[in-house]
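This is final31.pdb. It holds PDB, C-alpha atoms.
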```
ATOM      1  CA  MET R1424      93.607  70.149 128.692
ATOM      2  CA  LEU R1425      95.456  73.448 128.942
ATOM      3  CA  LYS R1426      93.772  74.245 132.247
ATOM      4  CA  GLU R1427      94.952  70.938 133.720
ATOM      5  CA  ALA R1428      98.526  71.466 132.491
ATOM      6  CA  ILE R1429      98.640  74.954 134.006
ATOM      7  CA  GLN R1430      97.129  73.731 137.281
ATOM      8  CA  LYS R1431      99.719  70.934 137.429
ATOM      9  CA  GLU R1432     102.548  73.475 137.131
ATOM     10  CA  ILE R1433     100.996  75.727 139.774
ATOM     11  CA  ASN R1434     100.564  72.778 142.141
ATOM     12  CA  GLU R1435     104.213  71.743 141.678
ATOM     13  CA  VAL R1436     105.379  75.234 142.661
ATOM     14  CA  LEU R1437     103.003  75.406 145.630
ATOM     15  CA  GLU R1438     104.023  71.950 146.857
ATOM     16  CA  SER R1439     107.726  72.738 146.531
ATOM     17  CA  GLY R1440     107.452  75.959 148.527
ATOM     18  CA  ILE R1441     110.009  77.555 146.165
ATOM     19  CA  TYR R1442     108.339  80.676 144.841
ATOM     20  CA  ILE R1443     111.409  82.708 143.888
ATOM     21  CA  LEU R1444     114.091  81.429 141.516
ATOM     22  CA  GLY R1445     114.481  77.665 141.966
ATOM     23  CA  PRO R1446     114.088  74.886 139.405
ATOM     24  CA  LYS R1447     111.045  76.361 137.627
ATOM     25  CA  CYS R1448     112.920  79.620 137.013
ATOM     26  CA  ALA R1449     115.951  77.683 135.725
ATOM     27  CA  GLU R1450     113.652  75.694 133.440
ATOM     28  CA  LEU R1451     112.096  78.891 132.074
ATOM     29  CA  GLU R1452     115.542  80.423 131.485
ATOM     30  CA  HIS R1453     116.612  77.306 129.584
ATOM     31  CA  GLN R1454     113.448  77.280 127.471
ATOM     32  CA  PHE R1455     113.786  81.011 126.784
ATOM     33  CA  VAL R1456     117.367  80.508 125.541
ATOM     34  CA  GLN R1457     116.182  77.718 123.253
ATOM     35  CA  TYR R1458     113.216  79.689 121.931
ATOM     36  CA  ASN R1459     115.135  82.923 121.285
ATOM     37  CA  GLN R1460     118.219  81.128 119.947
ATOM     38  CA  THR R1461     120.528  83.027 122.268
ATOM     39  CA  LYS R1462     123.276  82.084 124.716
ATOM     40  CA  HIS R1463     121.928  83.297 128.049
ATOM     41  CA  ALA R1464     118.756  84.211 129.917
ATOM     42  CA  VAL R1465     118.527  85.379 133.513
ATOM     43  CA  GLY R1466     115.186  85.607 135.263
ATOM     44  CA  VAL R1467     114.613  88.694 137.418
ATOM     45  CA  ALA R1468     111.502  90.067 139.099
ATOM     46  CA  ASN R1469     110.200  92.216 136.236
ATOM     47  CA  GLY R1470     111.031  94.199 133.111
ATOM     48  CA  THR R1471     111.961  97.292 135.113
ATOM     49  CA  ASP R1472     114.589  95.338 137.053
ATOM     50  CA  ALA R1473     115.843  93.814 133.804
ATOM     51  CA  LEU R1474     116.379  97.286 132.307
ATOM     52  CA  TYR R1475     118.118  98.621 135.420
ATOM     53  CA  LEU R1476     120.379  95.579 135.697
ATOM     54  CA  ALA R1477     121.256  95.821 131.996
ATOM     55  CA  VAL R1478     122.301  99.465 132.391
ATOM     56  CA  LYS R1479     124.375  98.663 135.494
ATOM     57  CA  ALA R1480     125.935  95.530 133.956
ATOM     58  CA  LEU R1481     127.242  97.633 131.080
ATOM     59  CA  GLY R1482     129.006  99.936 133.549
ATOM     60  CA  ILE R1483     126.771 102.920 132.833
ATOM     61  CA  GLY R1484     126.428 105.426 135.655
ATOM     62  CA  PRO R1485     126.915 109.030 136.784
ATOM     63  CA  GLY R1486     128.090 111.346 134.029
ATOM     64  CA  ASP R1487     126.924 109.009 131.253
ATOM     65  CA  GLU R1488     124.015 109.490 128.874
ATOM     66  CA  VAL R1489     121.703 106.880 127.400
ATOM     67  CA  ILE R1490     119.522 107.686 124.417
ATOM     68  CA  THR R1491     115.973 106.344 124.571
ATOM     69  CA  THR R1492     112.407 107.161 123.614
ATOM     70  CA  PRO R1493     109.925 109.132 125.722
ATOM     71  CA  PHE R1494     107.029 107.109 124.270
ATOM     72  CA  THR R1495     107.194 104.124 126.586
ATOM     73  CA  PHE R1496     106.467 102.997 130.111
ATOM     74  CA  PHE R1497     108.473 105.199 132.508
ATOM     75  CA  ALA R1498     110.726 102.244 133.447
ATOM     76  CA  SER R1499     113.028 102.931 130.487
ATOM     77  CA  GLY R1500     113.997 106.400 131.700
ATOM     78  CA  GLU R1501     113.778 105.307 135.336
ATOM     79  CA  ALA R1502     116.340 102.527 134.867
ATOM     80  CA  ILE R1503     118.785 104.987 133.333
ATOM     81  CA  ALA R1504     118.254 107.624 136.034
ATOM     82  CA  GLU R1505     118.371 105.067 138.875
ATOM     83  CA  ALA R1506     121.818 104.008 137.634
ATOM     84  CA  GLY R1507     122.900 107.653 137.922
ATOM     85  CA  ALA R1508     123.021 108.297 134.173
ATOM     86  CA  THR R1509     120.997 110.817 132.197
ATOM     87  CA  PRO R1510     118.247 109.745 129.816
ATOM     88  CA  VAL R1511     118.329 111.637 126.520
ATOM     89  CA  PHE R1512     115.052 111.431 124.658
ATOM     90  CA  VAL R1513     114.646 111.073 120.915
ATOM     91  CA  ASP R1514     111.211 111.485 119.357
ATOM     92  CA  ILE R1515     109.285 108.660 117.731
ATOM     93  CA  ASP R1516     108.481 107.778 114.163
ATOM     94  CA  PRO R1517     104.741 108.566 113.893
ATOM     95  CA  LYS R1518     104.175 105.514 111.678
ATOM     96  CA  THR R1519     105.711 102.898 114.007
ATOM     97  CA  TYR R1520     105.645 104.681 117.391
ATOM     98  CA  ASN R1521     109.191 103.410 117.919
ATOM     99  CA  ILE R1522     112.247 105.637 118.306
ATOM    100  CA  ASP R1523     112.956 107.541 115.082
ATOM    101  CA  HIS R1524     116.336 106.162 114.033
ATOM    102  CA  HIS R1525     116.871 109.195 111.756
ATOM    103  CA  LYS R1526     116.969 111.475 114.818
ATOM    104  CA  ILE R1527     119.306 109.462 117.048
ATOM    105  CA  GLU R1528     122.684 110.567 115.710
ATOM    106  CA  GLU R1529     122.052 114.279 116.356
ATOM    107  CA  LYS R1530     121.646 113.463 120.081
ATOM    108  CA  ILE R1531     124.897 111.466 120.435
ATOM    109  CA  THR R1532     127.581 113.237 122.489
ATOM    110  CA  SER R1533     130.885 112.243 124.056
ATOM    111  CA  LYS R1534     128.887 111.262 127.172
ATOM    112  CA  THR R1535     126.591 108.847 125.305
ATOM    113  CA  LYS R1536     127.278 105.239 126.304
ATOM    114  CA  ALA R1537     124.224 103.368 125.033
ATOM    115  CA  LEU R1538     121.004 103.348 123.083
ATOM    116  CA  LEU R1539     118.025 101.914 124.951
ATOM    117  CA  VAL R1540     115.488 101.146 122.238
ATOM    118  CA  VAL R1541     111.930 100.048 122.952
ATOM    119  CA  HIS R1542     110.080  97.692 120.629
ATOM    120  CA  LEU R1543     106.442  98.719 121.029
ATOM    121  CA  PHE R1544     103.235  96.893 120.170
ATOM    122  CA  GLY R1545     105.096  93.868 118.802
ATOM    123  CA  LYS R1546     106.946  95.998 116.236
ATOM    124  CA  LEU R1547     110.727  96.062 116.167
ATOM    125  CA  CYS R1548     112.688  99.273 115.909
ATOM    126  CA  ASP R1549     114.854  99.643 112.820
ATOM    127  CA  MET R1550     117.612  97.541 114.356
ATOM    128  CA  GLU R1551     119.758  97.428 111.239
ATOM    129  CA  HIS R1552     120.154 101.214 111.273
ATOM    130  CA  ILE R1553     120.430 101.351 115.076
ATOM    131  CA  MET R1554     123.184  98.724 115.152
ATOM    132  CA  GLN R1555     125.100 100.614 112.439
ATOM    133  CA  LEU R1556     124.908 103.799 114.523
ATOM    134  CA  ALA R1557     126.000 101.951 117.637
ATOM    135  CA  LYS R1558     128.987 100.454 115.838
ATOM    136  CA  LYS R1559     129.943 103.810 114.307
ATOM    137  CA  HIS R1560     129.885 105.529 117.732
ATOM    138  CA  ASN R1561     131.027 102.559 119.866
ATOM    139  CA  LEU R1562     127.774 102.416 121.857
ATOM    140  CA  TYR R1563     125.976  99.603 123.623
ATOM    141  CA  VAL R1564     122.449  98.699 122.518
ATOM    142  CA  ILE R1565     119.900  97.658 125.141
ATOM    143  CA  GLU R1566     116.645  96.312 123.725
ATOM    144  CA  ASP R1567     113.487  96.740 125.761
ATOM    145  CA  ALA R1568     111.585  93.846 124.189
ATOM    146  CA  CYS R1569     108.929  93.669 126.911
ATOM    147  CA  GLN R1570     106.200  94.195 124.313
ATOM    148  CA  ALA R1571     107.828  92.142 121.581
ATOM    149  CA  VAL R1572     108.455  88.645 122.946
ATOM    150  CA  GLY R1573     108.569  86.297 119.965
ATOM    151  CA  THR R1574     108.762  89.042 117.323
ATOM    152  CA  LYS R1575     111.368  88.582 114.595
ATOM    153  CA  ASP R1576     113.037  91.050 112.261
ATOM    154  CA  ALA R1577     113.337  90.601 108.484
ATOM    155  CA  ASN R1578     116.456  88.459 109.024
ATOM    156  CA  GLY R1579     114.684  86.093 111.401
ATOM    157  CA  GLN R1580     116.347  87.376 114.586
ATOM    158  CA  PHE R1581     114.167  87.665 117.664
ATOM    159  CA  ALA R1582     113.577  90.968 119.430
ATOM    160  CA  GLY R1583     115.997  91.255 122.320
ATOM    161  CA  THR R1584     118.731  89.197 120.636
ATOM    162  CA  ILE R1585     120.098  91.783 118.209
ATOM    163  CA  GLY R1586     121.666  94.345 120.556
ATOM    164  CA  ASP R1587     124.052  93.763 123.450
ATOM    165  CA  VAL R1588     121.324  93.074 126.029
ATOM    166  CA  GLY R1589     117.649  92.215 125.633
ATOM    167  CA  CYS R1590     115.098  92.809 128.389
ATOM    168  CA  PHE R1591     111.741  91.062 128.533
ATOM    169  CA  SER R1592     108.647  90.955 130.686
ATOM    170  CA  PHE R1593     105.842  88.455 131.046
ATOM    171  CA  PHE R1594     103.369  90.957 132.426
ATOM    172  CA  SER R1595     100.194  89.932 130.637
ATOM    173  CA  PHE R1596      98.991  93.367 129.568
ATOM    174  CA  GLN R1597     102.128  93.897 127.477
ATOM    175  CA  LYS R1598     101.298  90.874 125.356
ATOM    176  CA  PHE R1599      97.676  91.967 124.996
ATOM    177  CA  ARG R1600      98.772  95.320 123.555
ATOM    178  CA  CYS R1601     100.722  93.494 120.857
ATOM    179  CA  PHE R1602      97.469  92.151 119.427
ATOM    180  CA  TRP R1603      95.120  95.112 119.762
ATOM    181  CA  ARG R1604      95.370  98.840 119.271
ATOM    182  CA  TRP R1605      92.994 101.755 119.534
ATOM    183  CA  TRP R1606      92.384 103.213 116.120
ATOM    184  CA  ASP R1607      89.911 105.941 115.105
ATOM    185  CA  GLY R1608      87.497 105.179 117.916
ATOM    186  CA  ARG R1609      87.572 101.397 117.644
ATOM    187  CA  TYR R1610      89.806  98.484 118.543
ATOM    188  CA  GLU R1611      91.587  96.834 115.661
ATOM    189  CA  ARG R1612      93.181  93.409 115.773
ATOM    190  CA  LEU R1613      96.737  93.425 114.464
TER     191      LEU R1613
END
```
Would you kindly transcribe this structure into C-alpha cells?
Amino acid sequence: MLKEAIQKEINEVLESGIYILGPKCAELEHQFVQYNQTKHAVGVANGTDALYLAVKALGIGPGDEVITTPFTFFASGEAIAEAGATPVFVDIDPKTYNIDHHKIEEKITSKTKALLVVHLFGKLCDMEHIMQLAKKHNLYVIEDACQAVGTKDANGQFAGTIGDVGCFSFFSFQKFRCFWRWWDGRYERL
C-alpha cells in the first residue's frame, strides 16, 4: 500500500513537469507548519541553503560572529562564513555530543550576533539554557534541526521551533543517524 501511495505522488510530479517548488512544495510547507505547530515553513533546496538563508535573513554579515559547534557537518560553519561572518566554535558536551551550553557565554563578544545550535542524533541541545543566554545577550538563535525532525523537548516543543529560525533537511541519511549509533564496536538502536 505504501509503495503505491509513493508511486502515485511521484507520478503526479512527473506528469505535471513541475520539479522545483510548485504545488507539491506548497503542500509540504503547509503540512510541515501543521506538524511542527509553527507559523511558517519555506522549502529550499537543502539544509545548507536553509542555514545560509537563515543567517542572511537575520542581517548577519561581515564583522559579525556566530557561535556554533565544530562537531557537525561543515555546512554550519560554511553558512556563517559564506555570509561574511566569523564562526566561533564552542566545544561539545561529551555526553550528548551537542554544544556545551556551559561554555557558550565565555565566547560571547560585542561582535556576537547569533547562536547556531545543532541538534545531533535526534537529541535537542539544552534549549532552555541557550534561550536564556540569547535573551540575556540579545542574540538570535538559529536551530540546525536537520537531524532532529520530529524531536520534542521536555515542554513538548519541536526541534526547530524554539529559537528564532529552525532549519531542516530531508536528506535520508540524517534520519537514519537518529536511530542508530556506533557504540563500542557495534551498532546500537536508539
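If you look at atom CA of Val1478 of chain R and atom CA of Ser1592 of chain R, they are 16.2 Å away from each other.
With all atoms listed in the file as the basis for measurement, R:Leu1451 is the residue among R:Leu1451, R:Val1564, R:Ile1483, R:Ile1553 that approaches Gly1466 of chain R most closely.
Each of R:Gln1570, R:Asn1434, R:Asn1521, R:Gln1454 was checked against Gly1470 of chain R using only C-alpha atoms; the smallest atom-to-atom distance is that of R:Gln1570.
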* To do: Check what the PyMOL selection byres ((chain R and resi 1504) around 12) selects in the file above and give those residues as a PyMOL selection string.
  => chain R and resi 1474-1475+1478-1479+1483-1491+1497-1503+1505-1511
* Residues within 12 Å of (108.3, 104.1, 125.5), counting all atoms listed in the file, listed as a VMD selection string -> chain R and resid 1490 to 1501 1512 to 1516 1519 to 1523 1539 to 1544 1548 1566 to 1570
* Asked: Mind pulling up the distance from atom CA of Leu1556 of chain R to atom CA of Phe1455 of chain R?
  -> 28.2 Å
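Counting from atom CA of Ile1441 of chain R, the distance to atom CA of Val1465 of chain R is 17.1 Å.
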* Nearest-residue call for Met1554 of chain R, choices R:Gln1580, R:Ile1585, R:Lys1536, R:Lys1530, using only C-alpha atoms -> R:Ile1585
Around segment 1496-1506 of chain R, fit a box with edges along x, y and z, padding it by 5 Å on each side, then list its centre and edge lengths in Å to one decimal as lines of an AutoDock Vina configuration file.
```
center_x = 114.1
center_y = 104.9
center_z = 134.5
size_x = 25.4
size_y = 15.4
size_z = 18.8
```
Written as a short mmCIF file (atom, residue, chain, number, x, y, z; two decimals) with C-alpha atoms, in the coordinates of the input, what is the full residue list that the PyMOL selection byres ((chain R and resi 1464) around 12) yields on the file shown?
```cif
data_model
loop_
_atom_site.label_atom_id
_atom_site.label_comp_id
_atom_site.auth_asym_id
_atom_site.auth_seq_id
_atom_site.Cartn_x
_atom_site.Cartn_y
_atom_site.Cartn_z
CA CYS R 1448 112.92 79.62 137.01
CA ALA R 1449 115.95 77.68 135.72
CA GLU R 1450 113.65 75.69 133.44
CA LEU R 1451 112.10 78.89 132.07
CA GLU R 1452 115.54 80.42 131.49
CA HIS R 1453 116.61 77.31 129.58
CA GLN R 1454 113.45 77.28 127.47
CA PHE R 1455 113.79 81.01 126.78
CA VAL R 1456 117.37 80.51 125.54
CA GLN R 1457 116.18 77.72 123.25
CA TYR R 1458 113.22 79.69 121.93
CA ASN R 1459 115.14 82.92 121.28
CA GLN R 1460 118.22 81.13 119.95
CA THR R 1461 120.53 83.03 122.27
CA LYS R 1462 123.28 82.08 124.72
CA HIS R 1463 121.93 83.30 128.05
CA VAL R 1465 118.53 85.38 133.51
CA GLY R 1466 115.19 85.61 135.26
CA VAL R 1467 114.61 88.69 137.42
CA ALA R 1473 115.84 93.81 133.80
CA GLY R 1583 116.00 91.26 122.32
CA THR R 1584 118.73 89.20 120.64
CA VAL R 1588 121.32 93.07 126.03
CA GLY R 1589 117.65 92.22 125.63
CA CYS R 1590 115.10 92.81 128.39
CA PHE R 1591 111.74 91.06 128.53
#
```
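Nearest to Asn1469 of chain R of all the residues R:Phe1593, R:Tyr1442, R:Met1424, R:Asn1578 is R:Phe1593, based on only C-alpha atoms.
Proximity ranking of R:Ala1468, R:Met1550, R:Val1436, R:Leu1425 relative to Leu1538 of chain R places R:Met1550 first, based on only C-alpha atoms.
Across R:Glu1551, R:Val1572, R:His1560, R:Lys1546, the tightest approach to Gly1586 of chain R is made by R:Glu1551 when counting all atoms listed in the file.
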